[in-house]
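Note sheet for the following structure.
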Amino acid sequence: MGEHRVHDTSDEQRTRVFVRAMLDDIRALEAMIADDRIERGVKRVGVEQEMYIVDSAGYPLGISDQLLERIGEDNFSTELARFNLEANLDPIALGADFLGVLEQDLKSALQQADAAAAGLDARVVLTGILPTLQEKHVQHESLTPETRYHCLNDTCMAARGDSFTLVIDGVDPLEASFDSIVVEGASTSFQFHLQVDPDEAVPLYNLAQLITAPLLALSANSPVLLNRRVWHETRVALFERSIEYRSAAQLARGVPTRVGFGEAWVRDSIVEVFRENAMRHHVIMVRDPIDDPFAALGAGQAPELGALTLHNGTVWRWNRPCYGVTDGKPHLRIENRALPAGPTIVDQVASAALFYGLMTALADDAASIPRQLDFEDARANLFAAAQQGLAARFTWLDGERIGARKLLRRRLLPAARAGLAALDVPAAQIERYLGIVEARAESGRTGARWLLDSLANVPPQEREAVCLEAVEIVHARQGGDRPVHEWDLIGPAPAAGQPQDNLRVADVMTSNLFTARPDDLVDLATSMMEWRHVRHVPVESIAGELVGLLSTRELLHLRDSDDAATPVADIMQTDPPTIAADAPLAEAFAQMLENEAGCLLVVAQRQLVGIVTERDLLEAAVELIP
């Protein structure tokens, strides 16, 4: 829940005072850690539950201000868009019955919000992105009229002009223009916190970074945005690309986005992250009055560090270190922000059980993570999970390549069970929650997979009806005990003998492509293959249309040639085999065999959106073997 008593940065003197206060807060935090003045030996968890407000039909309804008045509780808050709401639950001690308490507290908050909404002919729904959302719902008038949101919107739009274009690749490539950043409000999440001792903050933060990718793959629930099927967890792309203010020069220099995974493993102190935030991201809102942290420390009190916490709250890392004060004692915690809301409370708590179990079981080995895995591989894992869900393959510790489902079943679930047992969680609760995780991994059915399979083969003009029914089903089941992997698909049941996984080309394709132009030198394309360890380079025109494919097969014809000036157009395949992103994997297998091809290029409206190779299909086949 963000700070709402804020001002914009138009007053230069006030802004300078705030920045100096932020720097003092960083120095004070360093001193508190060095002097062992941060609470230790206490483990607490806390969660923030975001939700959509929808009308009786299932479309977004911008009445958060009216709904908050009816609820009348301080633990509910607005979010960026007027059709969003957030509940902030009280902290719970980590151990014994914490998962059961967490589930009941979440259900109580959901029931309270939904009951209040009913009085306004509305409902609240738990979903990462509401599938019925339309472009008219995310225009400027849907921005919540509070200073903090206007500060953020004004900062981003000042760097972009009157509008910006959001582009996300996927089964149905998305390209749409917006007059504000309200589209970010399409993203709602389930965020959870873990209080940590100061001397374990670094390894545990790195551990949280490591396990976020499989957690996200397991929990994906945001596959549809503006009637397009995009990523399994489209929130990742949506959030990172809508909260954008970097100039062209900053982009060229690789300045990191304000929303992201980070740039490196944390090495020596968790304060490194706070320093990085201060160095990389300028202040976009300020608050006053500002307390002197060193005066508070001198008086034996816990400083609020208000400037630091406000600025930290405007940098949205998928895992974010946080400072806070509880019962007069300062503490550090790690906040995981990557998972979507929904589709049910029990699904969310099952994912949280996996997180807390792993953070407990793997804590002793966490210090070795930076030596065992390159940070860029950890970041690539996150995007693979967001794009492909449980069909993703990861680069894991010591360079191992492993599928998400196999990693969860064989490595992470046993560890999480041991971690929860070490916390004295009752065996029945461990089986209840991690049994859901295991069944979800076995079936491959996340919230995203359920909706995508329900939309499979549905004509575009009929998708809205399916999405409306999906909203009805989620609302009816979100507070119940039936997790999403047990849900039937919307519409006709699969034919007899049809695999329940229903994997599509989009689930296994690679979309992060390196392409050549027809007039590029063959030597450049050959270098791409060598540097990226690939055997195929798609060729596209300046307009982004697919025009050919260069493979090692074509290069064999040049092995005796010394002509380094040969253009790609002279030797490329001009009619390479293509396939649609939503085609079943069985079709991809058949087409690859028929064409005796080593790859298929994935296209939508003549635009290249990905590539699927023999290796991709073989790895997918292995994952389907029990």
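So you can find residues: chains in the structure tokens are A, B, ... in the order shown, residues in each start at 1, and ligands are numbered from 1 in order.
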Arg379 (chain A) surroundings by only C-alpha atoms, 12 Å radius, close-in-sequence under 6 positions cut, as a PyMOL selection string: chain A and resi 206+209-214+236+260-265+317-319+373+385-386+394-396
Using the selection just defined, write its residues with C-alpha atoms as a tab-separated table (two decimals), in the first residue's frame.
chain	number	residue	atom	x	y	z
A	206	ASN	CA	18.91	-13.54	-4.06
A	209	GLN	CA	15.00	-13.75	-7.16
A	210	LEU	CA	15.98	-17.29	-8.11
A	211	ILE	CA	12.65	-18.95	-7.28
A	212	THR	CA	10.41	-16.24	-8.74
A	213	ALA	CA	10.50	-17.76	-12.24
A	214	PRO	CA	9.09	-21.19	-11.29
A	236	VAL	CA	5.14	-8.67	-16.63
A	260	GLY	CA	12.02	-4.89	-13.48
A	261	PHE	CA	14.01	-7.78	-12.14
A	262	GLY	CA	17.17	-5.84	-11.33
A	263	GLU	CA	20.62	-5.75	-12.88
A	264	ALA	CA	22.78	-8.06	-10.75
A	265	TRP	CA	22.86	-10.30	-7.72
A	317	ARG	CA	11.21	-4.46	-8.60
A	318	TRP	CA	9.63	-7.91	-8.91
A	319	ASN	CA	11.33	-8.60	-5.58
A	373	LEU	CA	23.95	-19.04	-11.92
A	385	ALA	CA	7.91	-18.14	-17.26
A	386	ALA	CA	5.87	-15.05	-18.11
A	394	PHE	CA	14.90	-22.66	-17.33
A	395	THR	CA	18.64	-22.44	-16.97
A	396	TRP	CA	19.05	-23.54	-13.38
Residue list (alpha helix (DSSP H), DSSP) for region 89-203 of chain A, as a PyMOL selection string: chain A and resi 98-118+147-158+201-203
Filtering to C-alpha atoms, could you give me those residues as a short mmCIF file (atom, residue, chain, number, x, y, z; two decimals), in the first residue's frame?
data_model
loop_
_atom_site.label_atom_id
_atom_site.label_comp_id
_atom_site.auth_asym_id
_atom_site.auth_seq_id
_atom_site.Cartn_x
_atom_site.Cartn_y
_atom_site.Cartn_z
CA PHE A 98 0.19 -19.31 9.38
CA LEU A 99 -1.12 -20.65 6.07
CA GLY A 100 -4.55 -21.43 7.48
CA VAL A 101 -4.74 -17.98 9.08
CA LEU A 102 -3.61 -16.39 5.82
CA GLU A 103 -6.33 -18.18 3.86
CA GLN A 104 -9.06 -17.15 6.31
CA ASP A 105 -7.86 -13.53 6.44
CA LEU A 106 -7.85 -13.33 2.65
CA LYS A 107 -11.32 -14.83 2.42
CA SER A 108 -12.60 -12.37 5.03
CA ALA A 109 -11.16 -9.40 3.13
CA LEU A 110 -12.62 -10.68 -0.14
CA GLN A 111 -16.05 -11.23 1.40
CA GLN A 112 -15.99 -7.78 2.99
CA ALA A 113 -15.14 -6.08 -0.30
CA ASP A 114 -17.61 -8.14 -2.32
CA ALA A 115 -20.44 -7.51 0.15
CA ALA A 116 -19.80 -3.77 0.01
CA ALA A 117 -19.65 -3.88 -3.80
CA ALA A 118 -23.00 -5.68 -3.96
CA THR A 147 -1.62 13.10 -6.27
CA ARG A 148 0.66 10.05 -6.24
CA TYR A 149 -0.98 8.60 -9.36
CA HIS A 150 -0.94 11.92 -11.19
CA CYS A 151 2.76 12.35 -10.33
CA LEU A 152 3.52 8.96 -11.83
CA ASN A 153 1.37 9.55 -14.89
CA ASP A 154 2.79 13.03 -15.52
CA THR A 155 6.38 11.78 -15.24
CA CYS A 156 5.84 8.95 -17.71
CA MET A 157 3.79 10.97 -20.19
CA ALA A 158 6.24 13.90 -20.12
CA ALA A 201 18.83 -10.28 3.88
CA VAL A 202 21.30 -10.58 0.98
CA PRO A 203 21.23 -14.37 0.45
#
Region 590-594 of chain A surroundings by only C-alpha atoms, 9 Å radius, close-in-sequence under 4 positions cut, as a PyMOL selection string: chain A and resi 577-579+585-586+598-600+613-614
Write out, as a compact mmCIF listing (two decimals), in the first residue's frame, the residues just selected, with C-alpha atoms.
# COMPACT_ATOMS: atom_id res chain seq x y z
CA PRO A 577 7.70 -23.22 -43.49
CA THR A 578 5.50 -21.22 -41.15
CA ILE A 579 2.87 -21.97 -38.54
CA LEU A 585 1.96 -28.97 -31.04
CA ALA A 586 0.80 -32.07 -32.92
CA GLY A 598 14.65 -28.05 -38.62
CA CYS A 599 12.38 -25.21 -37.57
CA LEU A 600 9.07 -23.50 -38.19
CA THR A 613 12.77 -25.69 -33.48
CA GLU A 614 13.22 -29.46 -33.38
Among the residues A:Pro426, A:Gly119, A:Pro330, A:Gly185, the one that comes closest to His140 (chain A) [using only C-alpha atoms]: A:Gly185
Members of region 287-421 of chain A assigned strand (DSSP E) by DSSP, as a list in words: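 So, restricting region 287-421 of chain A to strand (DSSP E), we get Trp316, Arg317, Asn319, Arg320, Pro321, Cys322, Tyr323, Gly324, Val325, Thr326, Lys329, Pro330, His331, Leu332, Arg333, Ile334, Glu335, Asn336, Arg393, Phe394, Thr395, Arg401, Ile402 and Gly403 of chain A.
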Generate a file of the selected residues that holds N, CA and C atoms, formatted as a PDB file, in the first residue's frame.
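Saved result, result.pdb, follows:
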ATOM      1  N   TRP A 316       9.494  -0.383  -8.849  1.00  0.00           N
ATOM      2  CA  TRP A 316       8.719  -1.614  -8.718  1.00  0.00           C
ATOM      3  C   TRP A 316       9.524  -2.828  -9.162  1.00  0.00           C
ATOM      4  N   ARG A 317      10.473  -3.230  -8.332  1.00  0.00           N
ATOM      5  CA  ARG A 317      11.206  -4.465  -8.603  1.00  0.00           C
ATOM      6  C   ARG A 317      10.264  -5.649  -8.354  1.00  0.00           C
ATOM      7  N   ASN A 319      11.065  -8.361  -7.001  1.00  0.00           N
ATOM      8  CA  ASN A 319      11.327  -8.596  -5.585  1.00  0.00           C
ATOM      9  C   ASN A 319      11.899  -7.310  -5.023  1.00  0.00           C
ATOM     10  N   ARG A 320      11.269  -6.800  -3.979  1.00  0.00           N
ATOM     11  CA  ARG A 320      11.662  -5.481  -3.477  1.00  0.00           C
ATOM     12  C   ARG A 320      12.008  -5.574  -1.995  1.00  0.00           C
ATOM     13  N   PRO A 321      13.202  -5.116  -1.590  1.00  0.00           N
ATOM     14  CA  PRO A 321      13.495  -5.037  -0.163  1.00  0.00           C
ATOM     15  C   PRO A 321      12.754  -3.852   0.449  1.00  0.00           C
ATOM     16  N   CYS A 322      12.265  -4.013   1.649  1.00  0.00           N
ATOM     17  CA  CYS A 322      11.481  -2.968   2.301  1.00  0.00           C
ATOM     18  C   CYS A 322      11.973  -2.766   3.737  1.00  0.00           C
ATOM     19  N   TYR A 323      11.837  -1.531   4.210  1.00  0.00           N
ATOM     20  CA  TYR A 323      12.113  -1.189   5.607  1.00  0.00           C
ATOM     21  C   TYR A 323      10.795  -0.793   6.245  1.00  0.00           C
ATOM     22  N   GLY A 324      10.603  -1.176   7.491  1.00  0.00           N
ATOM     23  CA  GLY A 324       9.395  -0.785   8.201  1.00  0.00           C
ATOM     24  C   GLY A 324       9.617  -0.793   9.697  1.00  0.00           C
ATOM     25  N   VAL A 325       8.611  -0.331  10.419  1.00  0.00           N
ATOM     26  CA  VAL A 325       8.649  -0.300  11.880  1.00  0.00           C
ATOM     27  C   VAL A 325       7.372  -0.947  12.392  1.00  0.00           C
ATOM     28  N   THR A 326       7.503  -1.966  13.242  1.00  0.00           N
ATOM     29  CA  THR A 326       6.358  -2.646  13.854  1.00  0.00           C
ATOM     30  C   THR A 326       6.537  -2.649  15.360  1.00  0.00           C
ATOM     31  N   LYS A 329       9.761  -1.264  16.607  1.00  0.00           N
ATOM     32  CA  LYS A 329      11.016  -1.928  16.272  1.00  0.00           C
ATOM     33  C   LYS A 329      11.223  -1.911  14.757  1.00  0.00           C
ATOM     34  N   PRO A 330      12.395  -1.473  14.283  1.00  0.00           N
ATOM     35  CA  PRO A 330      12.659  -1.435  12.841  1.00  0.00           C
ATOM     36  C   PRO A 330      12.957  -2.828  12.302  1.00  0.00           C
ATOM     37  N   HIS A 331      12.528  -3.099  11.084  1.00  0.00           N
ATOM     38  CA  HIS A 331      12.774  -4.414  10.499  1.00  0.00           C
ATOM     39  C   HIS A 331      13.006  -4.298   9.002  1.00  0.00           C
ATOM     40  N   LEU A 332      13.527  -5.379   8.421  1.00  0.00           N
ATOM     41  CA  LEU A 332      13.692  -5.520   6.971  1.00  0.00           C
ATOM     42  C   LEU A 332      12.814  -6.666   6.494  1.00  0.00           C
ATOM     43  N   ARG A 333      12.295  -6.532   5.299  1.00  0.00           N
ATOM     44  CA  ARG A 333      11.515  -7.623   4.732  1.00  0.00           C
ATOM     45  C   ARG A 333      11.716  -7.648   3.222  1.00  0.00           C
ATOM     46  N   ILE A 334      11.387  -8.784   2.640  1.00  0.00           N
ATOM     47  CA  ILE A 334      11.435  -8.973   1.190  1.00  0.00           C
ATOM     48  C   ILE A 334      10.005  -9.085   0.694  1.00  0.00           C
ATOM     49  N   GLU A 335       9.675  -8.297  -0.309  1.00  0.00           N
ATOM     50  CA  GLU A 335       8.333  -8.305  -0.888  1.00  0.00           C
ATOM     51  C   GLU A 335       8.396  -8.908  -2.287  1.00  0.00           C
ATOM     52  N   ASN A 336       7.663  -9.992  -2.509  1.00  0.00           N
ATOM     53  CA  ASN A 336       7.552 -10.577  -3.839  1.00  0.00           C
ATOM     54  C   ASN A 336       6.324  -9.993  -4.516  1.00  0.00           C
ATOM     55  N   ARG A 393      11.167 -23.539 -20.098  1.00  0.00           N
ATOM     56  CA  ARG A 393      12.383 -24.237 -19.686  1.00  0.00           C
ATOM     57  C   ARG A 393      13.340 -23.206 -19.122  1.00  0.00           C
ATOM     58  N   PHE A 394      14.029 -23.573 -18.059  1.00  0.00           N
ATOM     59  CA  PHE A 394      14.898 -22.662 -17.335  1.00  0.00           C
ATOM     60  C   PHE A 394      16.355 -23.116 -17.404  1.00  0.00           C
ATOM     61  N   THR A 395      17.243 -22.145 -17.288  1.00  0.00           N
ATOM     62  CA  THR A 395      18.638 -22.437 -16.969  1.00  0.00           C
ATOM     63  C   THR A 395      18.743 -22.367 -15.459  1.00  0.00           C
ATOM     64  N   ARG A 401      19.716 -27.275 -17.695  1.00  0.00           N
ATOM     65  CA  ARG A 401      18.499 -26.885 -18.410  1.00  0.00           C
ATOM     66  C   ARG A 401      17.372 -27.831 -17.996  1.00  0.00           C
ATOM     67  N   ILE A 402      16.267 -27.266 -17.531  1.00  0.00           N
ATOM     68  CA  ILE A 402      15.194 -28.090 -16.996  1.00  0.00           C
ATOM     69  C   ILE A 402      13.859 -27.403 -17.201  1.00  0.00           C
ATOM     70  N   GLY A 403      12.828 -28.184 -17.486  1.00  0.00           N
ATOM     71  CA  GLY A 403      11.493 -27.653 -17.654  1.00  0.00           C
ATOM     72  C   GLY A 403      10.871 -27.245 -16.336  1.00  0.00           C
TER      73      GLY A 403
END
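Nearest-residue note for Ala93 (chain A): choosing from A:Leu423, A:Ala378, A:Leu434, A:Ala21, the minimum distance belongs to A:Leu423, counting only C-alpha atoms.
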Distance of CA of Ala448 (chain A) from CA of Gly389 (chain A), expressed in Å to one decimal place: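 Distance reported for this atom pair: 7.9 Å.
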Distance in Å - CA of Met529 (chain A) versus CA of Asp616 (chain A): 17.0 Å
Near-Leu215 (chain A) list (12 Å; only C-alpha atoms; drop same-chain fewer than 2 positions) as a PyMOL selection string: chain A and resi 208-213+217-221+233+318+336-340+347-348+350-358+381-382+384-386+389-390+392+404-405+407-408+412-413+416+437+440-441+446
Could you write out the selected residues, including N, CA and C atoms, as a short mmCIF file (atom, residue, chain, number, x, y, z; two decimals), in the first residue's frame?
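Below is the file that was written, result-v6.cif:
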data_model
loop_
_atom_site.label_atom_id
_atom_site.label_comp_id
_atom_site.auth_asym_id
_atom_site.auth_seq_id
_atom_site.Cartn_x
_atom_site.Cartn_y
_atom_site.Cartn_z
N ALA A 208 15.02 -15.31 -3.28
CA ALA A 208 13.70 -14.91 -3.78
C ALA A 208 13.75 -14.63 -5.27
N GLN A 209 14.83 -14.00 -5.72
CA GLN A 209 15.00 -13.75 -7.16
C GLN A 209 15.06 -15.06 -7.94
N LEU A 210 15.82 -16.02 -7.42
CA LEU A 210 15.98 -17.29 -8.11
C LEU A 210 14.66 -18.02 -8.29
N ILE A 211 13.84 -18.10 -7.24
CA ILE A 211 12.65 -18.95 -7.28
C ILE A 211 11.44 -18.23 -7.87
N THR A 212 11.56 -16.96 -8.21
CA THR A 212 10.41 -16.24 -8.74
C THR A 212 9.96 -16.81 -10.08
N ALA A 213 10.88 -17.24 -10.93
CA ALA A 213 10.50 -17.76 -12.24
C ALA A 213 9.61 -19.00 -12.13
N ALA A 217 5.67 -19.22 -13.26
CA ALA A 217 5.18 -20.23 -14.21
C ALA A 217 4.01 -21.00 -13.62
N LEU A 218 4.11 -21.33 -12.34
CA LEU A 218 3.08 -22.09 -11.65
C LEU A 218 1.80 -21.28 -11.45
N SER A 219 1.91 -19.96 -11.34
CA SER A 219 0.79 -19.12 -10.91
C SER A 219 0.23 -18.24 -12.02
N ALA A 220 0.70 -18.39 -13.25
CA ALA A 220 0.30 -17.50 -14.35
C ALA A 220 -1.22 -17.42 -14.47
N ASN A 221 -1.73 -16.19 -14.62
CA ASN A 221 -3.18 -16.00 -14.64
C ASN A 221 -3.56 -14.73 -15.39
N GLU A 233 1.60 -14.80 -18.51
CA GLU A 233 1.55 -13.77 -17.47
C GLU A 233 1.91 -12.42 -18.11
N TRP A 318 10.47 -6.73 -9.12
CA TRP A 318 9.63 -7.91 -8.91
C TRP A 318 9.86 -8.51 -7.53
N ASN A 336 7.66 -9.99 -2.51
CA ASN A 336 7.55 -10.58 -3.84
C ASN A 336 6.32 -9.99 -4.52
N ARG A 337 6.53 -9.37 -5.68
CA ARG A 337 5.46 -8.64 -6.37
C ARG A 337 5.09 -9.28 -7.71
N ALA A 338 5.63 -10.46 -8.00
CA ALA A 338 5.54 -10.99 -9.35
C ALA A 338 4.24 -11.73 -9.66
N LEU A 339 3.57 -12.25 -8.64
CA LEU A 339 2.46 -13.15 -8.90
C LEU A 339 1.15 -12.39 -9.12
N PRO A 340 0.28 -12.93 -9.98
CA PRO A 340 -1.00 -12.28 -10.25
C PRO A 340 -2.02 -12.59 -9.17
N ASP A 347 -5.75 -21.10 -4.43
CA ASP A 347 -4.63 -21.17 -5.38
C ASP A 347 -3.52 -20.21 -4.96
N GLN A 348 -3.89 -19.02 -4.53
CA GLN A 348 -2.89 -18.04 -4.10
C GLN A 348 -2.12 -18.53 -2.88
N ALA A 350 -1.67 -21.54 -1.93
CA ALA A 350 -0.81 -22.66 -2.33
C ALA A 350 0.51 -22.14 -2.90
N SER A 351 0.44 -21.12 -3.75
CA SER A 351 1.67 -20.53 -4.30
C SER A 351 2.50 -19.90 -3.19
N ALA A 352 1.85 -19.22 -2.25
CA ALA A 352 2.58 -18.62 -1.12
C ALA A 352 3.23 -19.71 -0.28
N ALA A 353 2.57 -20.85 -0.10
CA ALA A 353 3.15 -21.95 0.66
C ALA A 353 4.44 -22.43 0.01
N LEU A 354 4.44 -22.50 -1.30
CA LEU A 354 5.66 -22.90 -2.01
C LEU A 354 6.76 -21.88 -1.77
N PHE A 355 6.44 -20.60 -1.85
CA PHE A 355 7.44 -19.54 -1.63
C PHE A 355 8.04 -19.64 -0.23
N TYR A 356 7.19 -19.65 0.80
CA TYR A 356 7.70 -19.64 2.16
C TYR A 356 8.41 -20.95 2.50
N GLY A 357 7.94 -22.06 1.95
CA GLY A 357 8.64 -23.32 2.17
C GLY A 357 10.03 -23.32 1.58
N LEU A 358 10.16 -22.79 0.36
CA LEU A 358 11.47 -22.73 -0.29
C LEU A 358 12.39 -21.72 0.39
N ASN A 381 14.96 -16.51 -17.16
CA ASN A 381 13.99 -17.47 -16.62
C ASN A 381 12.66 -16.79 -16.32
N LEU A 382 12.73 -15.58 -15.75
CA LEU A 382 11.50 -14.86 -15.43
C LEU A 382 10.67 -14.60 -16.67
N ALA A 384 10.83 -16.19 -19.56
CA ALA A 384 10.35 -17.47 -20.11
C ALA A 384 9.10 -17.91 -19.37
N ALA A 385 9.08 -17.77 -18.05
CA ALA A 385 7.91 -18.14 -17.26
C ALA A 385 6.71 -17.26 -17.62
N ALA A 386 6.96 -15.96 -17.78
CA ALA A 386 5.87 -15.05 -18.11
C ALA A 386 5.29 -15.36 -19.48
N GLY A 389 4.50 -19.87 -19.24
CA GLY A 389 3.92 -20.55 -18.10
C GLY A 389 4.65 -21.84 -17.78
N LEU A 390 3.90 -22.89 -17.50
CA LEU A 390 4.51 -24.17 -17.09
C LEU A 390 5.19 -24.89 -18.24
N ALA A 392 7.56 -23.45 -19.86
CA ALA A 392 8.87 -22.81 -19.94
C ALA A 392 9.98 -23.77 -19.54
N ALA A 404 9.96 -26.29 -16.39
CA ALA A 404 9.34 -25.77 -15.17
C ALA A 404 8.62 -26.87 -14.39
N ARG A 405 7.87 -27.71 -15.09
CA ARG A 405 7.09 -28.73 -14.40
C ARG A 405 7.99 -29.76 -13.73
N LEU A 407 11.13 -29.27 -12.79
CA LEU A 407 11.81 -28.59 -11.69
C LEU A 407 10.91 -28.54 -10.45
N LEU A 408 9.66 -28.20 -10.65
CA LEU A 408 8.74 -28.12 -9.53
C LEU A 408 8.52 -29.49 -8.89
N LEU A 412 11.73 -28.65 -6.35
CA LEU A 412 11.22 -27.59 -5.48
C LEU A 412 10.14 -28.07 -4.52
N LEU A 413 9.25 -28.92 -4.97
CA LEU A 413 8.20 -29.40 -4.06
C LEU A 413 8.75 -30.19 -2.88
N ALA A 416 10.21 -27.61 -0.54
CA ALA A 416 9.18 -26.80 0.13
C ALA A 416 8.48 -27.58 1.23
N VAL A 437 -0.28 -27.40 -5.45
CA VAL A 437 0.85 -27.05 -6.31
C VAL A 437 1.25 -28.25 -7.16
N ARG A 440 -1.30 -28.99 -9.85
CA ARG A 440 -1.24 -27.96 -10.90
C ARG A 440 -0.06 -28.21 -11.82
N ALA A 441 1.08 -28.57 -11.24
CA ALA A 441 2.26 -28.85 -12.06
C ALA A 441 2.05 -30.12 -12.88
N THR A 446 -2.80 -23.97 -15.14
CA THR A 446 -2.85 -22.75 -14.34
C THR A 446 -4.10 -21.98 -14.73
#
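The closest residue to Gly128 (chain A), picked from A:Thr314, A:Thr344, A:Ser142, A:Thr15 and counting only C-alpha atoms, is A:Thr344.
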Separation of CA of Pro483 (chain A) from CA of Val125 (chain A), in Å and rounded to one decimal: 15.3 Å
For Ala363 (chain A), the nearest of the candidates A:Gly62, A:Gly419, A:Pro584, A:Pro256, counting only C-alpha atoms: A:Gly419
Among listed residues A:Leu362, A:Leu68, A:Ala96, A:Val54, nearest His137 (chain A) (using only C-alpha atoms):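 Distance minimum relative to His137 (chain A) lands on A:Val54.
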Nearby residues (only C-alpha atoms) at most 8 Å from Ser541 (chain A), same-chain spacing under 3 positions excluded, as number ranges by chain: A: 517-518, 544-547
